[in-house]
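Participant: The following file, upload32.pdb, comprises PDB, C-alpha atoms:
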```
ATOM      1  CA  MET A   1     -68.460 -13.321 -78.975
ATOM      2  CA  GLY A   2     -69.197 -16.187 -76.631
ATOM      3  CA  LEU A   3     -67.379 -19.477 -76.347
ATOM      4  CA  HIS A   4     -68.733 -21.921 -78.870
ATOM      5  CA  GLY A   5     -67.552 -24.977 -80.729
ATOM      6  CA  GLY A   6     -64.764 -27.427 -79.957
ATOM      7  CA  ALA A   7     -62.114 -27.059 -77.284
ATOM      8  CA  ARG A   8     -59.460 -25.798 -79.694
ATOM      9  CA  VAL A   9     -61.753 -23.147 -81.163
ATOM     10  CA  ASP A  10     -62.780 -22.107 -77.647
ATOM     11  CA  ALA A  11     -59.217 -21.452 -76.613
ATOM     12  CA  VAL A  12     -58.381 -19.379 -79.676
ATOM     13  CA  SER A  13     -61.533 -17.318 -79.403
ATOM     14  CA  ALA A  14     -60.815 -16.739 -75.699
ATOM     15  CA  LEU A  15     -57.770 -14.667 -76.647
ATOM     16  CA  ASP A  16     -59.594 -12.999 -79.541
ATOM     17  CA  ASP A  17     -62.503 -12.126 -77.261
ATOM     18  CA  LEU A  18     -60.163 -10.807 -74.594
ATOM     19  CA  PHE A  19     -58.313  -8.381 -76.847
ATOM     20  CA  GLY A  20     -61.417  -7.637 -78.890
ATOM     21  CA  ALA A  21     -63.183  -6.498 -75.720
ATOM     22  CA  LEU A  22     -60.179  -4.429 -74.605
ATOM     23  CA  SER A  23     -59.798  -2.726 -77.985
ATOM     24  CA  ASP A  24     -62.786  -0.518 -77.197
ATOM     25  CA  PRO A  25     -62.049   2.544 -75.012
ATOM     26  CA  THR A  26     -65.500   2.523 -73.383
ATOM     27  CA  ARG A  27     -65.098  -1.107 -72.339
ATOM     28  CA  ARG A  28     -61.618  -0.392 -70.987
ATOM     29  CA  ALA A  29     -63.047   2.496 -68.956
ATOM     30  CA  LEU A  30     -65.880   0.301 -67.651
ATOM     31  CA  LEU A  31     -63.497  -2.477 -66.676
ATOM     32  CA  GLN A  32     -61.136  -0.062 -65.007
ATOM     33  CA  GLY A  33     -64.060   1.487 -63.131
ATOM     34  CA  LEU A  34     -65.223  -1.926 -61.897
ATOM     35  CA  MET A  35     -61.692  -2.769 -60.788
ATOM     36  CA  GLN A  36     -61.080   0.508 -59.015
ATOM     37  CA  ASN A  37     -64.491   1.126 -57.487
ATOM     38  CA  GLY A  38     -65.805  -2.392 -57.070
ATOM     39  CA  PRO A  39     -68.934  -4.161 -58.390
ATOM     40  CA  ASP A  40     -71.595  -1.874 -59.812
ATOM     41  CA  THR A  41     -74.810  -1.712 -61.847
ATOM     42  CA  ALA A  42     -75.250  -0.553 -65.435
ATOM     43  CA  THR A  43     -77.507   2.275 -64.280
ATOM     44  CA  ARG A  44     -74.895   3.750 -61.974
ATOM     45  CA  LEU A  45     -72.078   3.212 -64.458
ATOM     46  CA  ALA A  46     -74.123   4.928 -67.188
ATOM     47  CA  ALA A  47     -74.576   7.987 -64.970
ATOM     48  CA  ASP A  48     -70.862   8.762 -65.324
ATOM     49  CA  LEU A  49     -70.751   8.240 -69.089
ATOM     50  CA  PRO A  50     -72.262  10.010 -72.104
ATOM     51  CA  LEU A  51     -74.077   6.768 -72.959
ATOM     52  CA  THR A  52     -77.503   5.289 -72.461
ATOM     53  CA  ARG A  53     -77.951   2.534 -69.899
ATOM     54  CA  GLN A  54     -78.749   0.178 -72.769
ATOM     55  CA  ALA A  55     -75.438   0.943 -74.500
ATOM     56  CA  VAL A  56     -73.563   0.401 -71.239
ATOM     57  CA  VAL A  57     -75.285  -2.972 -70.776
ATOM     58  CA  LYS A  58     -74.084  -4.021 -74.247
ATOM     59  CA  HIS A  59     -70.499  -3.092 -73.420
ATOM     60  CA  LEU A  60     -70.707  -4.856 -70.052
ATOM     61  CA  GLN A  61     -72.051  -7.967 -71.766
ATOM     62  CA  ALA A  62     -69.045  -7.911 -74.119
ATOM     63  CA  LEU A  63     -66.781  -7.852 -71.044
ATOM     64  CA  VAL A  64     -68.729 -10.791 -69.588
ATOM     65  CA  ASP A  65     -68.407 -12.720 -72.903
ATOM     66  CA  ALA A  66     -64.665 -12.101 -72.879
ATOM     67  CA  GLY A  67     -64.375 -13.453 -69.338
ATOM     68  CA  LEU A  68     -63.379 -10.058 -67.969
ATOM     69  CA  ALA A  69     -66.494  -9.558 -65.840
ATOM     70  CA  THR A  70     -69.326 -11.512 -64.299
ATOM     71  CA  SER A  71     -72.939 -10.457 -63.817
ATOM     72  CA  LYS A  72     -75.271 -11.344 -60.985
ATOM     73  CA  ARG A  73     -78.875 -10.410 -60.445
ATOM     74  CA  ASP A  74     -79.341  -8.399 -57.277
ATOM     75  CA  GLY A  75     -83.025  -7.658 -56.721
ATOM     76  CA  ARG A  76     -84.219  -5.600 -59.702
ATOM     77  CA  GLU A  77     -80.685  -4.762 -60.810
ATOM     78  CA  VAL A  78     -77.766  -6.688 -62.244
ATOM     79  CA  ARG A  79     -74.410  -6.125 -60.606
ATOM     80  CA  TYR A  80     -71.215  -6.499 -62.611
ATOM     81  CA  THR A  81     -67.905  -7.570 -61.080
ATOM     82  CA  ALA A  82     -64.510  -7.315 -62.771
ATOM     83  CA  THR A  83     -62.660 -10.623 -63.282
ATOM     84  CA  PRO A  84     -59.304  -9.528 -64.699
ATOM     85  CA  GLU A  85     -57.681 -12.976 -64.321
ATOM     86  CA  PRO A  86     -57.524 -13.721 -68.084
ATOM     87  CA  LEU A  87     -55.742 -10.413 -68.592
ATOM     88  CA  ALA A  88     -53.409 -11.170 -65.693
ATOM     89  CA  ALA A  89     -52.653 -14.562 -67.307
ATOM     90  CA  VAL A  90     -51.669 -12.977 -70.619
ATOM     91  CA  LEU A  91     -49.605 -10.305 -68.881
ATOM     92  CA  SER A  92     -47.752 -12.811 -66.727
ATOM     93  CA  TRP A  93     -47.026 -14.951 -69.813
ATOM     94  CA  LEU A  94     -45.688 -11.855 -71.604
ATOM     95  CA  MET A  95     -43.585 -10.794 -68.627
ATOM     96  CA  GLU A  96     -42.160 -14.231 -67.854
ATOM     97  CA  SER A  97     -41.509 -15.267 -71.420
ATOM     98  CA  SER A  98     -40.025 -11.893 -72.305
ATOM     99  CA  THR A  99     -37.583 -12.086 -69.385
ATOM    100  CA  GLN A 100     -36.640 -15.638 -70.353
ATOM    101  CA  TRP A 101     -35.822 -14.646 -73.944
ATOM    102  CA  ASP A 102     -33.704 -11.723 -72.744
ATOM    103  CA  ARG A 103     -31.746 -14.128 -70.576
ATOM    104  CA  ARG A 104     -31.356 -16.661 -73.398
ATOM    105  CA  VAL A 105     -30.278 -14.009 -75.905
ATOM    106  CA  ASP A 106     -27.684 -12.754 -73.388
ATOM    107  CA  ARG A 107     -26.349 -16.287 -72.988
ATOM    108  CA  LEU A 108     -26.229 -16.812 -76.761
ATOM    109  CA  ARG A 109     -24.366 -13.558 -77.273
ATOM    110  CA  HIS A 110     -21.981 -14.349 -74.460
ATOM    111  CA  LYS A 111     -21.427 -17.813 -75.907
ATOM    112  CA  LEU A 112     -20.548 -16.285 -79.265
ATOM    113  CA  GLN A 113     -17.931 -14.190 -77.448
ATOM    114  CA  GLY A 114     -19.886 -11.028 -76.943
ATOM    115  CA  GLN A 115     -19.474  -9.902 -80.528
ATOM    116  CA  GLY A 116     -21.152  -6.592 -81.314
ATOM    117  CA  SER A 117     -24.867  -7.025 -81.420
ATOM    118  CA  ALA A 118     -28.186  -5.325 -81.230
ATOM    119  CA  ALA A 119     -31.373  -6.739 -79.863
ATOM    120  CA  ARG A 120     -34.939  -5.656 -80.002
TER     121      ARG A 120
ATOM    122  CA  MET B 121     -48.820  -6.460 -83.960
ATOM    123  CA  ASP B 122     -50.259  -9.350 -81.991
ATOM    124  CA  PRO B 123     -50.196  -8.662 -78.246
ATOM    125  CA  THR B 124     -49.364 -12.302 -77.556
ATOM    126  CA  THR B 125     -46.259 -12.436 -79.733
ATOM    127  CA  ILE B 126     -42.733 -11.855 -78.429
ATOM    128  CA  THR B 127     -39.927 -11.061 -80.858
ATOM    129  CA  ARG B 128     -36.175 -10.734 -80.418
ATOM    130  CA  GLN B 129     -33.716  -9.908 -83.169
ATOM    131  CA  VAL B 130     -29.985 -10.376 -82.678
ATOM    132  CA  ASP B 131     -27.282  -9.375 -85.176
ATOM    133  CA  LEU B 132     -23.919 -11.097 -84.787
ATOM    134  CA  ASP B 133     -20.542 -11.287 -86.500
ATOM    135  CA  THR B 134     -20.679 -15.080 -86.314
ATOM    136  CA  PRO B 135     -21.047 -16.691 -89.779
ATOM    137  CA  ALA B 136     -24.676 -17.622 -90.492
ATOM    138  CA  ASP B 137     -23.859 -21.355 -90.777
ATOM    139  CA  GLU B 138     -22.274 -21.303 -87.352
ATOM    140  CA  LEU B 139     -25.190 -19.391 -85.878
ATOM    141  CA  TRP B 140     -27.639 -21.837 -87.458
ATOM    142  CA  ASP B 141     -25.813 -24.750 -85.823
ATOM    143  CA  MET B 142     -26.000 -22.907 -82.528
ATOM    144  CA  VAL B 143     -29.792 -22.600 -82.732
ATOM    145  CA  SER B 144     -30.630 -25.963 -84.326
ATOM    146  CA  ASP B 145     -28.157 -28.487 -82.896
ATOM    147  CA  PRO B 146     -29.509 -29.785 -79.565
ATOM    148  CA  ASP B 147     -26.053 -29.990 -77.956
ATOM    149  CA  GLN B 148     -25.285 -26.398 -78.879
ATOM    150  CA  MET B 149     -28.805 -25.232 -78.014
ATOM    151  CA  ALA B 150     -28.161 -26.513 -74.500
ATOM    152  CA  THR B 151     -25.482 -23.837 -74.065
ATOM    153  CA  TRP B 152     -27.957 -20.972 -74.291
ATOM    154  CA  LEU B 153     -31.599 -22.020 -74.739
ATOM    155  CA  GLY B 154     -31.742 -23.894 -71.454
ATOM    156  CA  ASP B 155     -29.784 -26.018 -69.043
ATOM    157  CA  SER B 156     -30.454 -29.132 -71.073
ATOM    158  CA  VAL B 157     -31.944 -29.754 -74.509
ATOM    159  CA  ASP B 158     -32.734 -33.287 -75.595
ATOM    160  CA  VAL B 159     -34.742 -33.488 -78.800
ATOM    161  CA  ASP B 160     -35.007 -35.520 -81.969
ATOM    162  CA  MET B 161     -34.311 -32.714 -84.445
ATOM    163  CA  ARG B 162     -36.656 -33.474 -87.339
ATOM    164  CA  PRO B 163     -40.269 -32.559 -88.098
ATOM    165  CA  GLY B 164     -42.468 -34.410 -85.614
ATOM    166  CA  GLY B 165     -39.490 -35.150 -83.366
ATOM    167  CA  THR B 166     -40.053 -34.734 -79.647
ATOM    168  CA  GLY B 167     -37.950 -34.184 -76.549
ATOM    169  CA  THR B 168     -37.404 -32.179 -73.417
ATOM    170  CA  VAL B 169     -35.964 -28.758 -72.610
ATOM    171  CA  VAL B 170     -35.050 -27.809 -69.051
ATOM    172  CA  ASP B 171     -34.578 -24.108 -68.381
ATOM    173  CA  ASP B 172     -34.444 -22.307 -65.062
ATOM    174  CA  GLY B 173     -36.021 -25.282 -63.303
ATOM    175  CA  ILE B 174     -38.904 -25.485 -65.778
ATOM    176  CA  VAL B 175     -39.220 -28.757 -67.686
ATOM    177  CA  ARG B 176     -40.842 -28.358 -71.087
ATOM    178  CA  ASP B 177     -41.914 -30.969 -73.581
ATOM    179  CA  ILE B 178     -40.983 -29.941 -77.102
ATOM    180  CA  GLU B 179     -42.157 -31.023 -80.540
ATOM    181  CA  ILE B 180     -40.399 -29.939 -83.725
ATOM    182  CA  ASP B 181     -42.786 -28.513 -86.318
ATOM    183  CA  GLU B 182     -40.330 -27.576 -89.039
ATOM    184  CA  VAL B 183     -36.585 -27.581 -89.555
ATOM    185  CA  ASN B 184     -35.304 -26.806 -93.030
ATOM    186  CA  GLU B 185     -32.487 -25.863 -95.355
ATOM    187  CA  SER B 186     -33.413 -22.208 -95.395
ATOM    188  CA  ARG B 187     -32.319 -22.039 -91.750
ATOM    189  CA  ARG B 188     -35.749 -21.966 -90.239
ATOM    190  CA  LEU B 189     -36.686 -23.950 -87.150
ATOM    191  CA  SER B 190     -40.075 -23.901 -85.503
ATOM    192  CA  PHE B 191     -41.259 -25.892 -82.553
ATOM    193  CA  THR B 192     -44.079 -26.048 -80.038
ATOM    194  CA  TRP B 193     -43.271 -26.411 -76.364
ATOM    195  CA  TRP B 194     -45.289 -26.618 -73.204
ATOM    196  CA  GLU B 195     -44.768 -27.175 -69.525
ATOM    197  CA  SER B 196     -44.350 -30.899 -69.113
ATOM    198  CA  GLY B 197     -47.699 -32.645 -68.800
ATOM    199  CA  ASP B 198     -49.774 -29.539 -69.619
ATOM    200  CA  ARG B 199     -50.135 -29.181 -73.362
ATOM    201  CA  ALA B 200     -52.767 -26.466 -72.844
ATOM    202  CA  THR B 201     -49.934 -24.066 -71.984
ATOM    203  CA  ALA B 202     -48.286 -24.612 -75.382
ATOM    204  CA  SER B 203     -46.621 -21.779 -77.254
ATOM    205  CA  ARG B 204     -44.955 -21.816 -80.654
ATOM    206  CA  VAL B 205     -41.369 -20.681 -81.184
ATOM    207  CA  GLU B 206     -39.620 -19.908 -84.446
ATOM    208  CA  PHE B 207     -35.916 -19.287 -85.096
ATOM    209  CA  VAL B 208     -34.875 -17.832 -88.433
ATOM    210  CA  VAL B 209     -31.223 -17.237 -89.286
ATOM    211  CA  GLY B 210     -30.482 -14.820 -92.103
ATOM    212  CA  THR B 211     -27.959 -12.189 -93.048
ATOM    213  CA  THR B 212     -28.098  -8.413 -92.843
ATOM    214  CA  THR B 213     -27.264  -6.083 -95.733
ATOM    215  CA  ASP B 214     -23.884  -5.370 -94.127
ATOM    216  CA  GLY B 215     -22.994  -9.062 -94.062
ATOM    217  CA  ARG B 216     -23.663  -9.917 -90.450
ATOM    218  CA  SER B 217     -25.792 -12.835 -89.419
ATOM    219  CA  ARG B 218     -29.207 -12.215 -87.923
ATOM    220  CA  LEU B 219     -31.260 -14.412 -85.644
ATOM    221  CA  THR B 220     -34.951 -13.627 -85.356
ATOM    222  CA  ILE B 221     -36.799 -15.313 -82.499
ATOM    223  CA  THR B 222     -40.587 -15.286 -82.333
ATOM    224  CA  GLU B 223     -42.733 -16.836 -79.626
ATOM    225  CA  THR B 224     -46.507 -16.819 -79.951
ATOM    226  CA  LEU B 225     -49.128 -17.798 -77.431
ATOM    227  CA  PRO B 226     -52.005 -19.219 -79.486
ATOM    228  CA  ASP B 227     -54.339 -20.128 -76.631
ATOM    229  CA  LEU B 228     -55.211 -18.911 -73.196
ATOM    230  CA  SER B 229     -55.852 -22.042 -71.176
ATOM    231  CA  PRO B 230     -58.101 -22.138 -68.097
ATOM    232  CA  ARG B 231     -55.122 -23.397 -66.140
ATOM    233  CA  MET B 232     -53.066 -20.330 -67.056
ATOM    234  CA  VAL B 233     -55.924 -18.127 -65.896
ATOM    235  CA  ALA B 234     -56.249 -20.095 -62.665
ATOM    236  CA  ARG B 235     -52.530 -19.812 -62.044
ATOM    237  CA  ALA B 236     -52.520 -16.065 -62.660
ATOM    238  CA  SER B 237     -55.260 -15.590 -60.103
ATOM    239  CA  ALA B 238     -53.494 -17.957 -57.691
ATOM    240  CA  THR B 239     -50.423 -15.725 -57.683
ATOM    241  CA  ARG B 240     -52.552 -13.395 -55.545
ATOM    242  CA  MET B 241     -51.285 -10.279 -57.220
ATOM    243  CA  ARG B 242     -52.048  -7.224 -55.178
ATOM    244  CA  TRP B 243     -55.060  -5.326 -56.422
ATOM    245  CA  GLU B 244     -53.020  -2.220 -57.160
ATOM    246  CA  VAL B 245     -50.649  -4.248 -59.302
ATOM    247  CA  ARG B 246     -53.564  -5.591 -61.319
ATOM    248  CA  VAL B 247     -54.913  -2.113 -61.904
ATOM    249  CA  LEU B 248     -51.471  -0.948 -62.980
ATOM    250  CA  SER B 249     -51.192  -3.957 -65.277
ATOM    251  CA  LEU B 250     -54.521  -3.135 -66.865
ATOM    252  CA  TRP B 251     -53.490   0.454 -67.333
ATOM    253  CA  ALA B 252     -50.190  -0.578 -68.948
ATOM    254  CA  CYS B 253     -51.926  -3.083 -71.181
ATOM    255  CA  THR B 254     -54.620  -0.713 -72.340
ATOM    256  CA  VAL B 255     -52.075   2.004 -73.111
ATOM    257  CA  ALA B 256     -50.116  -0.530 -75.146
ATOM    258  CA  LEU B 257     -53.244  -1.727 -76.943
ATOM    259  CA  ALA B 258     -54.433   1.773 -77.661
ATOM    260  CA  SER B 259     -51.119   2.599 -79.289
ATOM    261  CA  MET B 260     -51.061  -0.503 -81.473
ATOM    262  CA  ARG B 261     -54.600  -0.461 -82.782
TER     263      ARG B 261
END
```
Could you write out this structure as structure tokens?

Facilitator:
Amino acid sequence: MGLHGGARVDAVSALDDLFGALSDPTRRALLQGLMQNGPDTATRLAADLPLTRQAVVKHLQALVDAGLATSKRDGREVRYTATPEPLAAVLSWLMESSTQWDRRVDRLRHKLQGQGSAAR
Amino acid sequence: MDPTTITRQVDLDTPADELWDMVSDPDQMATWLGDSVDVDMRPGGTGTVVDDGIVRDIEIDEVNESRRLSFTWWESGDRATASRVEFVVGTTTDGRSRLTITETLPDLSPRMVARASATRMRWEVRVLSLWACTVALASMR
């Protein structure tokens, strides 16, 4: 789960970790909760879920490994904070690049005299 | 379906040879891919593409007889932002020509993450983005 190995491997596993972590509905709910309600502890998060505190800690750790959350000891508890920046980076790449290809495809079609076409 | 892959498919009445020239000849590429395209069109060849004010360095990975071109490009000076693009020209069953464009983001670089957080997206927008992304992921997995 964590980032190991050479730089190239790190980068690839960063994306794999990101989407791997988000593929689980419980982790999505935990991340969304941290984003909407602010930093929180595993104990309090577990109170709202049909899961043990230990199971919640595991899911939170997966979010931390994926770079989607950070943990910080606060007295006897550990507080988790959402860090959605990697997700924002992927989304902005998707949005920007997608818009650019639409524009390029329009130009190509126009260049080829607007002949009948279909795009997906 | 990989969430970091973008695909576009365009069917045209233009003959496939003509379409292939349009997507593989740098001078013709400059009429639609960007404002300027200057590249040595052979495997390993490098160059520059300017589009919408963004200067990209480009390196050709493959260009072949079966009308397939693939290249890697990145914002000039920042190879960590590299993505891979592939153009394939074929024909449809009803005799039209078909261009399939695929762009894949293989890595998520720290700089891309830093830039996304520097855009200071409003918190609500981030939450909405997460919601949209998770809905999309849930439907594809």

Participant: May I ask which of the residues A:Ser71, A:Ala66, A:Asp17, A:Arg28 is the closest one to chain B, counting all atoms listed in the file?

Facilitator: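 Closest candidate: A:Arg28.
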
Participant: Taking all atoms of stretch 141-154 of chain B that the file lists and extending 4 Å past them on each side, where is the centre of the axis-aligned box and how long are its edges? Answer in Å to one decimal, as JSON.

Facilitator:
```
{"center_x": -28.5, "center_y": -25.5, "center_z": -78.6, "size_x": 14.5, "size_y": 17.0, "size_z": 22.4}
```

Participant: What would the selection look like, as a list in words, if the ChimeraX specification (/A :<6) & /B were run on the coordinates I just shared?

Facilitator: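 On the file shown, the ChimeraX specification (/A :<6) & /B covers Arg128, Gln129, Val130, Asp131, Leu132, Trp152, Leu153, Asp227, Leu228, Met232, Val233, Ala236 and Ser237 of chain B.
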
Participant: What residues come out when you apply the PyMOL selection byres ((chain A and resi 44-60) around 9) to this file, written as a VMD selection string?

Facilitator: chain A and resid 21 24 26 to 27 30 to 31 33 to 34 40 to 43 61 to 65 69 to 71 80

Participant: Take atom CA of B:Leu225 and atom CA of B:Thr192 and report the distance between them in Å, one decimal.

Facilitator: 10.0 Å

Participant: Set the distance at 8 Å and use only C-alpha atoms: which residues neighbour B:Gly165 once local chain neighbours fewer than 4 positions away are removed? I'd like the list as a PyMOL selection string.

Facilitator: chain B and resi 159-161+179-181

Participant: Take atom CA of B:Val157 and atom CA of B:Glu195 and report the distance between them in Å, one decimal.

Facilitator: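 These atoms are spaced 14.0 Å apart.
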
Participant: Can you tell me how far atom CA of B:Val175 sits from atom CA of B:Trp194, in Å to one decimal?

Facilitator: 8.5 Å

Participant: Using the chain letters and numbers from the file, which residues does the PyMOL selection byres ((chain B and resi 176) around 7) grab, as a count of residues only?

Facilitator: 11

Participant: Could you give me, as a ChimeraX atom specification, the residues within 12 Å of B:Val209, counting only C-alpha atoms and dropping anything in the same chain fewer than 6 positions from it?

Facilitator: /B:129-132,134-144,183-190,216-222
